Amino acid sequence: MTDDLRDTLDHVGDRFNLGEYEIDAYLAVLEHGELTASDIADRTDIPQPRVYDTVRSLSDRGLVELRESRPMKIVAVDPDDAFGDLRSSFTEMVDELEARYTAPTRETEAVSLVKSRSTILRYLEEIIAGAEYELAVSLTPGLLRRFRDDLAEKVAEGVSVELLVTPASKAPDPDEFDYLEVSTIARARRGITTPVLAVADGEYSVYATQDALRDDRERYGVIFNRSALGFLVSGFFGTVLWTTAETLATNGSERPFPRRYASIRRAVKDIREFADKEFYATVEGRDIETGEPVTVRGRVVDLAFEDTEEVASLVVETASGRVEIGGRVAALEDVEGQEIVIGRDEPPAL
């Protein structure tokens, strides 16, 4: 690699390696032209003690100016001045990098550890886009804004979307934000300890700390790439996070049947909303004793569910008798349900 190209990469990397706090602060200052640290804390999700470090980082990159007054003022730098020196070199840098690029042979890993904010965001985007029938997401308000259009597209496609927004104190007001545009049901959870995660169809998932998307103190994410282990993230979401959150909006009863599920908990919860209705199920899974794949079809005749979501199962009346369906790694039921379709008049097609 030439020295010029290395220097350009160092320069671009330093300029654009911004965390979520830095991005939020920079956009707020750009919009208003000049703000104090208190103004920035009021207009963003950045805790007051972190504002000064954040704006000094922006100043070091030449994106804002700090005026040492009482209180200190953070002044926007014209983007043309801030980024003008990159324009001429950026295209040349990309051309030279393309010339050096050799496409790798990609092997899909069942589980991957990633340590880049941009990579975590890319996986979040891919998982949301890849959901075919069921999506569970835990997002900060900033990430909700970022992925709003993607989530709305999934809802429009008929995907069941469970949305958790954290911290609850920063969640958009339901009177001002249309949660049902981006989710089937939305809840908010207190605190900044809640992780960011997404699970598509019970398999493809990503888990990351909020810090991983804000700064470099604990920047990591775990990816379950089309792996059966994805149910671990889904189970954690359903039993630990979802049950300790407050509902913001819901319209689950308005979705048409048949409905397709990766999680038996979601299937059972939906059936319980229609206590006086008759339902039929088609379930693909495996016999818990032999491990052999099985398909179960019939009328749903019983349910088991606890509000903690630690227990969820259903009983299907088949031509050969009753079969009890559990979730992933079921041990007490007859069948581990891996894909569940619930219909109204007859066992639905898979």
# chains A, B, ... in the order shown; residues from 1 in each chain; ligands from 1
$ closest_atom_pairs --of "region 146-188 of chain A" --to "region 118-141 of chain A" --cutoff "9 Å" --atoms "only C-alpha atoms" --output "CSV"
residue,atom,partner,partner_atom,distance
A:Arg146,CA,A:Pro141,CA,8.7
A:Phe147,CA,A:Glu125,CA,7.5
A:Asp150,CA,A:Ala129,CA,6.8
A:Leu151,CA,A:Ile128,CA,7.0
A:Glu153,CA,A:Ala129,CA,8.7
A:Lys154,CA,A:Ala129,CA,7.5
A:Glu157,CA,A:Glu132,CA,8.5
A:Gly158,CA,A:Tyr133,CA,7.1
A:Val159,CA,A:Tyr133,CA,4.4
A:Ser160,CA,A:Glu134,CA,4.8
A:Val161,CA,A:Leu135,CA,4.8
A:Glu162,CA,A:Ala136,CA,4.7
A:Leu163,CA,A:Val137,CA,5.1
A:Leu164,CA,A:Ser138,CA,4.5
A:Val165,CA,A:Leu139,CA,5.2
A:Thr166,CA,A:Thr140,CA,5.1
A:Pro167,CA,A:Thr140,CA,6.7
A:Ala168,CA,A:Pro141,CA,8.9
A:Lys170,CA,A:Pro141,CA,6.6
A:Ala171,CA,A:Pro141,CA,5.7
A:Pro172,CA,A:Pro141,CA,7.1
$ residues_around --residues "region 235-248 of chain A" --least-positions-apart "5" --cutoff "7 Å" --atoms "only C-alpha atoms" --output "list in words"
Pro174, Ala186, Arg187, Ala188, Arg189, Thr308, Glu309 and Glu310 of chain A
$ write_last_selection --atoms "all heavy atoms" --output "tab-separated table (two decimals), in the first residue's frame"
chain	number	residue	atom	x	y	z
A	174	PRO	N	-46.39	8.12	22.32
A	174	PRO	CA	-47.35	7.45	21.43
A	174	PRO	C	-48.34	8.40	20.78
A	174	PRO	O	-48.90	8.08	19.72
A	174	PRO	CB	-48.06	6.45	22.36
A	174	PRO	CG	-47.09	6.22	23.47
A	174	PRO	CD	-46.38	7.52	23.67
A	186	ALA	N	-45.87	-2.65	20.41
A	186	ALA	CA	-44.67	-1.94	20.85
A	186	ALA	C	-44.70	-1.76	22.37
A	186	ALA	O	-45.75	-1.47	22.95
A	186	ALA	CB	-44.58	-0.57	20.17
A	187	ARG	N	-43.53	-1.95	22.99
A	187	ARG	CA	-43.39	-1.73	24.42
A	187	ARG	C	-42.13	-0.91	24.69
A	187	ARG	O	-41.25	-0.82	23.84
A	187	ARG	CB	-43.31	-3.07	25.18
A	187	ARG	CG	-44.60	-3.87	25.16
A	187	ARG	CD	-44.51	-5.11	26.05
A	187	ARG	NE	-45.77	-5.83	26.09
A	187	ARG	CZ	-46.00	-6.90	26.82
A	187	ARG	NH1	-45.03	-7.40	27.59
A	187	ARG	NH2	-47.17	-7.49	26.81
A	188	ALA	N	-42.06	-0.34	25.88
A	188	ALA	CA	-40.88	0.43	26.30
A	188	ALA	C	-40.37	-0.14	27.62
A	188	ALA	O	-41.15	-0.55	28.48
A	188	ALA	CB	-41.23	1.90	26.46
A	189	ARG	N	-39.03	-0.14	27.77
A	189	ARG	CA	-38.41	-0.72	28.97
A	189	ARG	C	-37.43	0.28	29.58
A	189	ARG	O	-36.68	0.95	28.87
A	189	ARG	CB	-37.67	-2.01	28.61
A	189	ARG	CG	-37.19	-2.83	29.81
A	189	ARG	CD	-36.65	-4.18	29.33
A	189	ARG	NE	-36.37	-5.08	30.44
A	189	ARG	CZ	-35.18	-5.21	31.02
A	189	ARG	NH1	-34.15	-4.50	30.58
A	189	ARG	NH2	-35.00	-6.05	32.02
A	308	THR	N	-45.31	-14.96	32.79
A	308	THR	CA	-43.85	-14.79	32.73
A	308	THR	C	-43.28	-15.29	31.41
A	308	THR	O	-42.11	-15.07	31.11
A	308	THR	CB	-43.19	-15.58	33.87
A	308	THR	OG1	-43.50	-16.97	33.72
A	308	THR	CG2	-43.66	-15.08	35.22
A	309	GLU	N	-44.12	-15.99	30.64
A	309	GLU	CA	-43.75	-16.59	29.35
A	309	GLU	C	-42.73	-17.71	29.49
A	309	GLU	O	-42.14	-18.16	28.52
A	309	GLU	CB	-43.26	-15.53	28.35
A	309	GLU	CG	-44.29	-14.45	28.08
A	309	GLU	CD	-44.07	-13.70	26.79
A	309	GLU	OE1	-43.30	-14.18	25.94
A	309	GLU	OE2	-44.68	-12.63	26.63
A	310	GLU	N	-42.54	-18.20	30.72
A	310	GLU	CA	-41.65	-19.34	30.92
A	310	GLU	C	-42.32	-20.63	30.52
A	310	GLU	O	-41.65	-21.64	30.26
A	310	GLU	CB	-41.21	-19.40	32.39
A	310	GLU	CG	-40.34	-18.21	32.81
A	310	GLU	CD	-40.00	-18.24	34.28
A	310	GLU	OE1	-40.51	-19.15	34.98
A	310	GLU	OE2	-39.24	-17.38	34.74
$ closest_residue --among "A:Ala349, A:Ile271, A:Val233, A:Ile264" --to "Gly326 (chain A)" --atoms "only C-alpha atoms"
A:Ile264
$ residues_around --residues "Phe257 (chain A)" --least-positions-apart "3" --cutoff "8 Å" --atoms "only C-alpha atoms" --output "ChimeraX atom specification"
/A:342-344
$ select_by_dssp --residues "region 39-186 of chain A" --states "helix (DSSP H, G or I)" --output "PyMOL selection string"
chain A and resi 39-43+48-60+79-100+117-130+141-146+148-156+168-170+179-182
$ atom_distance --atom1 "CA of Glu292 (chain A)" --atom2 "CA of Phe305 (chain A)"
26.1 Å
$ select_by_dssp --residues "region 184-291 of chain A" --states "strand (DSSP E or B)" --output "ChimeraX atom specification"
/A:185-188,196-200,204-208,221-224,246-250,259-261,280-287
$ residues_around --residues "Leu180 (chain A)" --least-positions-apart "4" --cutoff "9 Å" --atoms "only C-alpha atoms" --output "JSON, numbers by chain"
{"A": [152, 155, 184, 185, 186, 249, 250, 251]}
$ residues_around --residues "Ile288 (chain A)" --least-positions-apart "4" --cutoff "9 Å" --atoms "only C-alpha atoms" --output "NGL selection string"
:A and (292 or 329-336)
$ atom_distance --atom1 "CA of Glu203 (chain A)" --atom2 "CA of Gln338 (chain A)"
10.1 Å
$ residues_around --residues "region 66-68 of chain A" --least-positions-apart "3" --cutoff "12 Å" --atoms "only C-alpha atoms" --output "list in words"
Val29, Glu34, Leu35, Thr36, Ala37, Tyr52, Asp53, Thr54, Val55, Arg56, Ser57, Leu58, Ser59, Asp60, Arg61, Gly62, Leu63, Pro71, Met72, Lys73, Ile74, Val75, Ala76 and Val77 of chain A
$ closest_residue --among "A:Val301, A:Ala198, A:Val64, A:Leu229" --to "Leu143 (chain A)" --atoms "only C-alpha atoms"
A:Ala198
